[in-house]
Amino acid sequence: MNKCKDEELDFSVPFTLGALSGSDAASRPNGTSTRIDKLVVSFDIDFNVPGTNPIGFSTGCQTTPTHWKQATLWFDPVVGIPTLEEGEVLRGQFKMGRNAENHRAMDFDVFWETGRLSGETFARNTSGRVETTLGA
């Protein structure tokens with residue numbers, strides 16, 4: 001962290017999420033889709049400095065709560081709520097950056113699309129965007 005530059009805190013990464021399949025999907029009635037209402041953003045961190053005891057924690061839903069909690073990015077029902085059939089994916093670009101007006105806030109911008117991925121080919125069904133600013 002002593003060497004991290006402010007501009008390195010802004011980043012953009014691709015993501016791909018799949019619908020349930022196999023035994024997980026068997027618990028759903030035949031022909032039903034998976035509706036995705038929100039994305040939950042959390043982080044894990046480890047401080048592993050040579051000569052000290054390593055310390056780490058997670059803000060994930062599956063761990064002991066911290067004061068940071070998670071960020072929830074809700075899909076806008078007016079723009080469209082993504083749904084996935086078995087074999088389909090939600091993919092896109094997740095962008096996070098510092099807010100220009102409030103140094104304690106973060107801007108989130110997610111471009112997403114749903115469809116079927118087959119090798120290098122993607123057959124898109126729907127697409128959209130989620131934008132929000134979270135922070136103190």
# chains A, B, ... in the order shown; residues from 1 in each chain; ligands from 1
$ residues_around --residues "A:Ser33" --least-positions-apart "4" --cutoff "8 Å" --atoms "only C-alpha atoms" --output "JSON, numbers by chain"
{"A": [83, 84, 85, 86]}
$ select_by_dssp --residues "stretch 8-83 of chain A" --states "alpha helix (DSSP H)" --output "MDAnalysis selection string"
chainID A and resid 23:26
$ write_last_selection --atoms "N, CA and C atoms" --output "compact mmCIF listing (two decimals), in the first residue's frame"
# COMPACT_ATOMS: atom_id res chain seq x y z
N SER A 23 -27.26 -30.50 -10.37
CA SER A 23 -28.13 -30.74 -9.21
C SER A 23 -28.70 -29.45 -8.64
N ASP A 24 -27.97 -28.32 -8.75
CA ASP A 24 -28.50 -27.04 -8.27
C ASP A 24 -29.73 -26.63 -9.08
N ALA A 25 -29.68 -26.83 -10.38
CA ALA A 25 -30.80 -26.46 -11.24
C ALA A 25 -31.98 -27.40 -11.06
N ALA A 26 -31.71 -28.62 -10.59
CA ALA A 26 -32.79 -29.59 -10.42
C ALA A 26 -33.81 -29.15 -9.38
$ closest_residue --among "A:Ser42, A:Thr16, A:Thr132, A:Thr52" --to "A:Asn99" --atoms "only C-alpha atoms"
A:Thr132
$ closest_residue --among "A:Leu39, A:Ile45, A:Ala123, A:Leu134" --to "A:Met106" --atoms "only C-alpha atoms"
A:Leu134
$ residues_around --residues "A:Gly87" --least-positions-apart "2" --cutoff "8 Å" --atoms "only C-alpha atoms" --output "JSON list (two decimals) with all heavy atoms, in the first residue's frame"
[["chain", "number", "residue", "atom", "x", "y", "z"],
["A", 18, "GLY", "N", -22.54, -17.70, -14.64],
["A", 18, "GLY", "CA", -23.42, -18.68, -15.26],
["A", 18, "GLY", "C", -24.64, -18.98, -14.43],
["A", 18, "GLY", "O", -24.64, -18.80, -13.21],
["A", 19, "ALA", "N", -25.69, -19.46, -15.09],
["A", 19, "ALA", "CA", -26.89, -19.91, -14.39],
["A", 19, "ALA", "C", -26.59, -21.25, -13.73],
["A", 19, "ALA", "O", -25.65, -21.95, -14.09],
["A", 19, "ALA", "CB", -28.04, -20.05, -15.38],
["A", 21, "SER", "N", -26.64, -25.08, -12.85],
["A", 21, "SER", "CA", -26.76, -26.25, -13.70],
["A", 21, "SER", "C", -26.64, -27.50, -12.84],
["A", 21, "SER", "O", -26.31, -27.42, -11.66],
["A", 21, "SER", "CB", -25.66, -26.25, -14.78],
["A", 21, "SER", "OG", -24.39, -26.29, -14.17],
["A", 84, "LEU", "N", -31.60, -15.74, -16.82],
["A", 84, "LEU", "CA", -30.77, -16.74, -17.49],
["A", 84, "LEU", "C", -31.48, -18.08, -17.52],
["A", 84, "LEU", "O", -32.01, -18.53, -16.51],
["A", 84, "LEU", "CB", -29.44, -16.91, -16.76],
["A", 84, "LEU", "CG", -28.53, -15.70, -16.61],
["A", 84, "LEU", "CD1", -27.28, -16.07, -15.83],
["A", 84, "LEU", "CD2", -28.17, -15.14, -17.97],
["A", 85, "GLU", "N", -31.47, -18.70, -18.68],
["A", 85, "GLU", "CA", -31.91, -20.09, -18.82],
["A", 85, "GLU", "C", -30.67, -20.96, -18.59],
["A", 85, "GLU", "O", -29.54, -20.48, -18.67],
["A", 85, "GLU", "CB", -32.46, -20.33, -20.23],
["A", 85, "GLU", "CG", -33.61, -19.42, -20.62],
["A", 85, "GLU", "CD", -34.85, -19.61, -19.77],
["A", 85, "GLU", "OE1", -35.06, -20.72, -19.26],
["A", 85, "GLU", "OE2", -35.61, -18.64, -19.63],
["A", 89, "VAL", "N", -25.26, -17.26, -19.90],
["A", 89, "VAL", "CA", -24.37, -16.53, -19.00],
["A", 89, "VAL", "C", -24.74, -15.06, -18.98],
["A", 89, "VAL", "O", -25.36, -14.54, -19.91],
["A", 89, "VAL", "CB", -22.88, -16.68, -19.40],
["A", 89, "VAL", "CG1", -22.42, -18.12, -19.29],
["A", 89, "VAL", "CG2", -22.61, -16.10, -20.77],
["A", 116, "ARG", "N", -25.91, -16.95, -24.84],
["A", 116, "ARG", "CA", -25.33, -18.28, -24.87],
["A", 116, "ARG", "C", -23.92, -18.18, -25.47],
["A", 116, "ARG", "O", -23.75, -17.62, -26.54],
["A", 116, "ARG", "CB", -26.21, -19.20, -25.72],
["A", 116, "ARG", "CG", -26.27, -20.61, -25.22],
["A", 116, "ARG", "CD", -27.41, -21.38, -25.87],
["A", 116, "ARG", "NE", -28.68, -21.25, -25.19],
["A", 116, "ARG", "CZ", -28.99, -21.88, -24.06],
["A", 116, "ARG", "NH1", -28.10, -22.65, -23.49],
["A", 116, "ARG", "NH2", -30.18, -21.73, -23.52]]
$ atom_distance --atom1 "atom CA of A:Thr133" --atom2 "atom CA of A:Ala105"
6.6 Å
$ closest_atom_pairs --of "stretch 69-128 of chain A" --to "stretch 2-14 of chain A" --cutoff "12 Å" --atoms "only C-alpha atoms" --output "Markdown table"
| residue | atom | partner | partner_atom | distance |
| --- | --- | --- | --- | --- |
| A:Leu90 | CA | A:Pro14 | CA | 10.9 |
| A:Arg91 | CA | A:Pro14 | CA | 7.5 |
| A:Gly92 | CA | A:Pro14 | CA | 5.7 |
| A:Gln93 | CA | A:Pro14 | CA | 4.4 |
| A:Phe94 | CA | A:Val13 | CA | 5.3 |
| A:Lys95 | CA | A:Ser12 | CA | 4.1 |
| A:Met96 | CA | A:Phe11 | CA | 5.6 |
| A:Gly97 | CA | A:Asp10 | CA | 4.1 |
| A:Arg98 | CA | A:Asp10 | CA | 6.3 |
| A:Asn99 | CA | A:Asp10 | CA | 9.8 |
| A:Ala100 | CA | A:Asp10 | CA | 11.6 |
| A:His103 | CA | A:Asp6 | CA | 10.8 |
| A:Met106 | CA | A:Asp10 | CA | 9.2 |
| A:Asp107 | CA | A:Asp10 | CA | 9.3 |
| A:Phe108 | CA | A:Ser12 | CA | 9.8 |
| A:Asp109 | CA | A:Ser12 | CA | 9.0 |
| A:Val110 | CA | A:Ser12 | CA | 9.3 |
| A:Phe111 | CA | A:Pro14 | CA | 9.5 |
| A:Trp112 | CA | A:Pro14 | CA | 9.7 |
| A:Glu113 | CA | A:Pro14 | CA | 11.6 |
$ closest_residue --among "A:Gly135, A:Val78, A:Arg124, A:Gly56" --to "A:Glu101" --atoms "only C-alpha atoms"
A:Gly135
$ select_by_dssp --residues "stretch 41-93 of chain A" --states "strand (DSSP E or B)" --output "VMD selection string"
chain A and resid 41 44 to 47 55 to 58 71 to 74 83 to 84 88 to 93
$ residues_around --residues "stretch 70-75 of chain A" --least-positions-apart "4" --cutoff "9 Å" --atoms "only C-alpha atoms" --output "list in words"
Ile36, Asp37, Lys38, Leu39, Val40, Val41, Ser42, Phe43, Thr59, Gly60, Cys61, Val79, Gly80, Ile81, Pro82, Phe108, Val110, Gly128, Arg129, Val130, Glu131, Thr132 and Leu134 of chain A
$ atom_distance --atom1 "atom CA of A:Ser118" --atom2 "atom CA of A:Glu88"
9.8 Å
$ atom_distance --atom1 "atom CA of A:Arg104" --atom2 "atom CA of A:Pro77"
28.3 Å
